[in-house]
Amino acid sequence: MLAKRIIPCLDVKDGRVVKGVNFVNLRDAGDPVELAAIYDKEGADELVFLDISASVEGRATMVEVVRQTAGEITIPFTVGGGISSVEDMKRLLRAGADKIGINTAAVLNPQLISDGARKFGSQCIVVAIDAKFNPEWGEWEVFTHGGRKPTGIKTLEWAKRVEELGAGEILLTSMDADGTKDGFDLKLTRAVSELLTIPVIASGGAGKVEHFYDVFTEGKADAGLAATIFHYKELTIDEVKADLKGKGVEIR
C-alpha cells in the first residue's frame, strides 16, 4: 500500500491565497510563496496551487508565483487553473511545477489529457474533478468553470475515462463538502477510489484531525487535501500526521 499523503491547497487569486465556502465568499489567506515555504518546513508531502482567477493577467502572475515558489520548496507541487494547451503545461513545468492540474479544459477537450501524458508522462497529469450530488440521478455530476457549470456528465464515468486517457492522478473535490469542515465526502471518495487504479486525492470538507483518518480508511483515498484548516492554523500537518501514525496509518 502506498503511504498516504497530506497536501495543503493554495487557491491563488491575483497573486494572493484566498479561501471560501462552497466555492464562494472568498477571504484573503496570505502570500502563496511564504505559505508554500511554511508548509514545506512543516512536513507537507506535496502542495497544490490552483489559479482561480486564471485570466490573462492571472496566468502571467501565476508563472511568476510558480517560479518563486519552486526556489523556496523541496516538495512536489501541482499547478492548475486556466491551463488549456500542452504549451501552457510546458510553461508551468519549466517555471518549476512538478505536475499539472486540468479540469474544465479536460472536459472540453479530453484529448488534452492524452497529449499531456504522452509529452510529459502520466505522473505529470492530474485531472481535477469537481463533483456535486445530483438527487435526480442518485449519483454525482461533474461541474466545470470553478464549480459554476453543470456538465451533465456522471462523475464515475468521467473518472474512469480520465484514467483510460492517461491521467496519473485524480484530484476529487466534493462541492457539497467544500469549506464546510464537516468531513470529506466519504461515499463519493470511496466510489471513485474503488473504481480506479490511479491515486485519488480527496478534497473538500476537512475540519478535524479524524477526518483524515476517515478519508483514508473509509474513503480509500491516497491523499487528503485541505486549505482552510491549515491556512488559519486550526490544525497543523504535524498534528494530522501524529494522529494517523498513532492509528496505524502509513504516512510519508
# chains A, B, ... in the order shown; residues from 1 in each chain; ligands from 1

call {"tool": "residues_around", "arguments": {"residues": "segment 128-141 of chain A", "least_positions_apart": "6", "cutoff": "8 Å", "atoms": "only C-alpha atoms", "output": "count of residues only"}}
result
20

call {"tool": "select_by_dssp", "arguments": {"residues": "segment 9-245 of chain A", "states": "alpha helix (DSSP H)", "output": "JSON, numbers by chain"}}
result
{"A": [32, 33, 34, 35, 36, 37, 38, 39, 40, 41, 56, 57, 58, 59, 60, 61, 62, 63, 64, 65, 66, 67, 68, 69, 70, 86, 87, 88, 89, 90, 91, 92, 93, 94, 95, 104, 105, 106, 107, 108, 111, 112, 113, 114, 115, 116, 117, 118, 119, 120, 155, 156, 157, 158, 159, 160, 161, 162, 163, 164, 165, 186, 187, 188, 189, 190, 191, 192, 193, 194, 195, 209, 210, 211, 212, 213, 214, 215, 216, 217, 228, 229, 230, 231, 237, 238, 239, 240, 241, 242, 243, 244, 245]}

call {"tool": "closest_residue", "arguments": {"among": "A:Asp185, A:Asp243, A:Glu169, A:Asp45", "to": "Tyr213 of chain A", "atoms": "only C-alpha atoms"}}
result
A:Asp243

call {"tool": "residues_around", "arguments": {"residues": "segment 193-202 of chain A", "least_positions_apart": "3", "cutoff": "10 Å", "atoms": "only C-alpha atoms", "output": "NGL selection string"}}
result
:A and (2 or 4-7 or 123 or 126-128 or 156-157 or 159-164 or 166-174 or 184-190 or 205-206 or 212 or 215-216 or 219-226)

call {"tool": "atom_distance", "arguments": {"atom1": "atom CA of Leu112 of chain A", "atom2": "atom CA of Trp158 of chain A"}}
result
14.3 Å

call {"tool": "residues_around", "arguments": {"residues": "Gly207 of chain A", "least_positions_apart": "2", "cutoff": "9 Å", "atoms": "only C-alpha atoms", "output": "PyMOL selection string"}}
result
chain A and resi 179-184+205+209-211+226+228-229+234-235

call {"tool": "atom_distance", "arguments": {"atom1": "atom CA of Ile52 of chain A", "atom2": "atom CA of Ile113 of chain A"}}
result
20.1 Å

call {"tool": "select_by_dssp", "arguments": {"residues": "segment 21-244 of chain A", "states": "strand (DSSP E or B)", "output": "mmCIF file with C-alpha atoms, in the first residue's frame"}}
result
data_model
loop_
_atom_site.group_PDB
_atom_site.id
_atom_site.type_symbol
_atom_site.label_atom_id
_atom_site.label_comp_id
_atom_site.auth_asym_id
_atom_site.auth_seq_id
_atom_site.Cartn_x
_atom_site.Cartn_y
_atom_site.Cartn_z
ATOM 1 C CA VAL A 21 -17.079 28.084 1.474
ATOM 2 C CA VAL A 24 -17.864 31.426 -2.773
ATOM 3 C CA ASN A 25 -17.265 34.203 -0.153
ATOM 4 C CA LEU A 26 -13.508 34.342 -0.613
ATOM 5 C CA ARG A 27 -11.235 35.900 2.007
ATOM 6 C CA ASP A 28 -7.516 36.589 1.961
ATOM 7 C CA ALA A 29 -5.227 33.939 3.473
ATOM 8 C CA GLY A 30 -1.767 35.271 2.682
ATOM 9 C CA LEU A 47 1.362 21.251 -2.454
ATOM 10 C CA VAL A 48 -1.414 22.128 -4.861
ATOM 11 C CA PHE A 49 -1.703 25.612 -6.366
ATOM 12 C CA LEU A 50 -4.972 26.484 -8.071
ATOM 13 C CA ASP A 51 -5.136 29.712 -10.016
ATOM 14 C CA PHE A 77 3.773 20.761 -6.317
ATOM 15 C CA THR A 78 0.884 20.710 -8.732
ATOM 16 C CA VAL A 79 -0.355 23.809 -10.513
ATOM 17 C CA GLY A 80 -3.836 24.112 -12.025
ATOM 18 C CA LYS A 99 2.582 18.286 -12.011
ATOM 19 C CA ILE A 100 -0.173 19.999 -13.947
ATOM 20 C CA GLY A 101 -3.802 20.046 -12.862
ATOM 21 C CA ILE A 102 -6.516 20.331 -15.512
ATOM 22 C CA ILE A 125 -1.074 14.953 -15.354
ATOM 23 C CA VAL A 126 -3.567 15.446 -12.520
ATOM 24 C CA VAL A 127 -7.192 15.701 -13.565
ATOM 25 C CA ALA A 128 -9.272 17.694 -11.095
ATOM 26 C CA ILE A 129 -12.922 16.719 -10.847
ATOM 27 C CA ASP A 130 -15.441 18.978 -9.076
ATOM 28 C CA ALA A 131 -18.400 16.770 -8.223
ATOM 29 C CA LYS A 132 -21.818 17.530 -6.776
ATOM 30 C CA PHE A 133 -24.551 15.082 -5.852
ATOM 31 C CA ASN A 134 -27.454 15.121 -8.295
ATOM 32 C CA GLU A 139 -25.172 9.986 -8.171
ATOM 33 C CA TRP A 140 -22.626 12.747 -8.675
ATOM 34 C CA GLU A 141 -22.380 15.205 -11.555
ATOM 35 C CA VAL A 142 -19.204 16.825 -12.877
ATOM 36 C CA PHE A 143 -19.074 20.645 -12.751
ATOM 37 C CA THR A 144 -16.646 22.919 -14.605
ATOM 38 C CA LYS A 149 -21.282 24.974 -14.710
ATOM 39 C CA PRO A 150 -23.055 21.605 -14.586
ATOM 40 C CA THR A 151 -21.924 19.347 -17.434
ATOM 41 C CA GLY A 152 -24.489 16.545 -17.467
ATOM 42 C CA ILE A 153 -21.548 14.125 -17.100
ATOM 43 C CA LYS A 154 -21.606 11.429 -14.413
ATOM 44 C CA GLU A 169 -3.899 11.039 -10.575
ATOM 45 C CA ILE A 170 -7.345 12.436 -9.760
ATOM 46 C CA LEU A 171 -7.948 15.456 -7.534
ATOM 47 C CA LEU A 172 -11.521 14.863 -6.431
ATOM 48 C CA THR A 173 -13.362 17.779 -4.821
ATOM 49 C CA SER A 174 -16.780 17.349 -3.282
ATOM 50 C CA VAL A 200 -7.180 9.710 -5.731
ATOM 51 C CA ILE A 201 -6.619 12.917 -3.752
ATOM 52 C CA ALA A 202 -9.691 13.714 -1.644
ATOM 53 C CA SER A 203 -10.618 17.377 -1.304
ATOM 54 C CA ALA A 223 -4.074 11.619 -0.242
ATOM 55 C CA GLY A 224 -6.034 14.176 1.755
ATOM 56 C CA LEU A 225 -6.064 17.798 0.652
ATOM 57 C CA ALA A 226 -7.132 20.763 2.795
#

call {"tool": "decode", "arguments": {"residues": "segment 119-185 of chain A", "atoms": "C-alpha atoms", "output": "PDB file, in the first residue's frame"}}
result
ATOM      1  CA  LYS A 119       4.537  14.564 -23.826  1.00  0.00           C
ATOM      2  CA  PHE A 120       5.363  14.785 -20.102  1.00  0.00           C
ATOM      3  CA  GLY A 121       4.390  11.358 -18.690  1.00  0.00           C
ATOM      4  CA  SER A 122       1.196  10.321 -16.875  1.00  0.00           C
ATOM      5  CA  GLN A 123       2.741  11.175 -13.490  1.00  0.00           C
ATOM      6  CA  CYS A 124       2.632  14.852 -14.534  1.00  0.00           C
ATOM      7  CA  ILE A 125      -1.074  14.953 -15.354  1.00  0.00           C
ATOM      8  CA  VAL A 126      -3.567  15.446 -12.520  1.00  0.00           C
ATOM      9  CA  VAL A 127      -7.192  15.701 -13.565  1.00  0.00           C
ATOM     10  CA  ALA A 128      -9.272  17.694 -11.095  1.00  0.00           C
ATOM     11  CA  ILE A 129     -12.922  16.719 -10.847  1.00  0.00           C
ATOM     12  CA  ASP A 130     -15.441  18.978  -9.076  1.00  0.00           C
ATOM     13  CA  ALA A 131     -18.400  16.770  -8.223  1.00  0.00           C
ATOM     14  CA  LYS A 132     -21.818  17.530  -6.776  1.00  0.00           C
ATOM     15  CA  PHE A 133     -24.551  15.082  -5.852  1.00  0.00           C
ATOM     16  CA  ASN A 134     -27.454  15.121  -8.295  1.00  0.00           C
ATOM     17  CA  PRO A 135     -30.557  13.847  -6.454  1.00  0.00           C
ATOM     18  CA  GLU A 136     -32.403  13.126  -9.709  1.00  0.00           C
ATOM     19  CA  TRP A 137     -29.666  10.748 -10.815  1.00  0.00           C
ATOM     20  CA  GLY A 138     -28.853   9.389  -7.365  1.00  0.00           C
ATOM     21  CA  GLU A 139     -25.172   9.986  -8.171  1.00  0.00           C
ATOM     22  CA  TRP A 140     -22.626  12.747  -8.675  1.00  0.00           C
ATOM     23  CA  GLU A 141     -22.380  15.205 -11.555  1.00  0.00           C
ATOM     24  CA  VAL A 142     -19.204  16.825 -12.877  1.00  0.00           C
ATOM     25  CA  PHE A 143     -19.074  20.645 -12.751  1.00  0.00           C
ATOM     26  CA  THR A 144     -16.646  22.919 -14.605  1.00  0.00           C
ATOM     27  CA  HIS A 145     -15.660  26.608 -14.636  1.00  0.00           C
ATOM     28  CA  GLY A 146     -14.756  26.716 -10.939  1.00  0.00           C
ATOM     29  CA  GLY A 147     -17.872  24.806  -9.925  1.00  0.00           C
ATOM     30  CA  ARG A 148     -20.244  27.124 -11.766  1.00  0.00           C
ATOM     31  CA  LYS A 149     -21.282  24.974 -14.710  1.00  0.00           C
ATOM     32  CA  PRO A 150     -23.055  21.605 -14.586  1.00  0.00           C
ATOM     33  CA  THR A 151     -21.924  19.347 -17.434  1.00  0.00           C
ATOM     34  CA  GLY A 152     -24.489  16.545 -17.467  1.00  0.00           C
ATOM     35  CA  ILE A 153     -21.548  14.125 -17.100  1.00  0.00           C
ATOM     36  CA  LYS A 154     -21.606  11.429 -14.413  1.00  0.00           C
ATOM     37  CA  THR A 155     -18.576  11.598 -12.129  1.00  0.00           C
ATOM     38  CA  LEU A 156     -17.816   7.869 -12.025  1.00  0.00           C
ATOM     39  CA  GLU A 157     -17.966   7.535 -15.815  1.00  0.00           C
ATOM     40  CA  TRP A 158     -15.739  10.580 -16.266  1.00  0.00           C
ATOM     41  CA  ALA A 159     -13.209   9.383 -13.663  1.00  0.00           C
ATOM     42  CA  LYS A 160     -12.876   6.042 -15.461  1.00  0.00           C
ATOM     43  CA  ARG A 161     -12.464   7.740 -18.821  1.00  0.00           C
ATOM     44  CA  VAL A 162      -9.832  10.131 -17.452  1.00  0.00           C
ATOM     45  CA  GLU A 163      -7.802   7.154 -16.223  1.00  0.00           C
ATOM     46  CA  GLU A 164      -8.069   5.457 -19.617  1.00  0.00           C
ATOM     47  CA  LEU A 165      -6.906   8.658 -21.339  1.00  0.00           C
ATOM     48  CA  GLY A 166      -3.659   8.597 -19.351  1.00  0.00           C
ATOM     49  CA  ALA A 167      -4.109  10.774 -16.248  1.00  0.00           C
ATOM     50  CA  GLY A 168      -1.743   9.798 -13.433  1.00  0.00           C
ATOM     51  CA  GLU A 169      -3.899  11.039 -10.575  1.00  0.00           C
ATOM     52  CA  ILE A 170      -7.345  12.436  -9.760  1.00  0.00           C
ATOM     53  CA  LEU A 171      -7.948  15.456  -7.534  1.00  0.00           C
ATOM     54  CA  LEU A 172     -11.521  14.863  -6.431  1.00  0.00           C
ATOM     55  CA  THR A 173     -13.362  17.779  -4.821  1.00  0.00           C
ATOM     56  CA  SER A 174     -16.780  17.349  -3.282  1.00  0.00           C
ATOM     57  CA  MET A 175     -18.600  20.620  -3.894  1.00  0.00           C
ATOM     58  CA  ASP A 176     -21.171  19.606  -1.289  1.00  0.00           C
ATOM     59  CA  ALA A 177     -18.495  19.318   1.399  1.00  0.00           C
ATOM     60  CA  ASP A 178     -16.146  22.120   0.268  1.00  0.00           C
ATOM     61  CA  GLY A 179     -15.313  24.539   3.082  1.00  0.00           C
ATOM     62  CA  THR A 180     -17.928  23.077   5.438  1.00  0.00           C
ATOM     63  CA  LYS A 181     -15.388  21.429   7.803  1.00  0.00           C
ATOM     64  CA  ASP A 182     -17.903  18.601   8.354  1.00  0.00           C
ATOM     65  CA  GLY A 183     -15.601  15.966   6.893  1.00  0.00           C
ATOM     66  CA  PHE A 184     -14.714  14.669   3.455  1.00  0.00           C
ATOM     67  CA  ASP A 185     -17.440  13.153   1.280  1.00  0.00           C
TER      68      ASP A 185
END
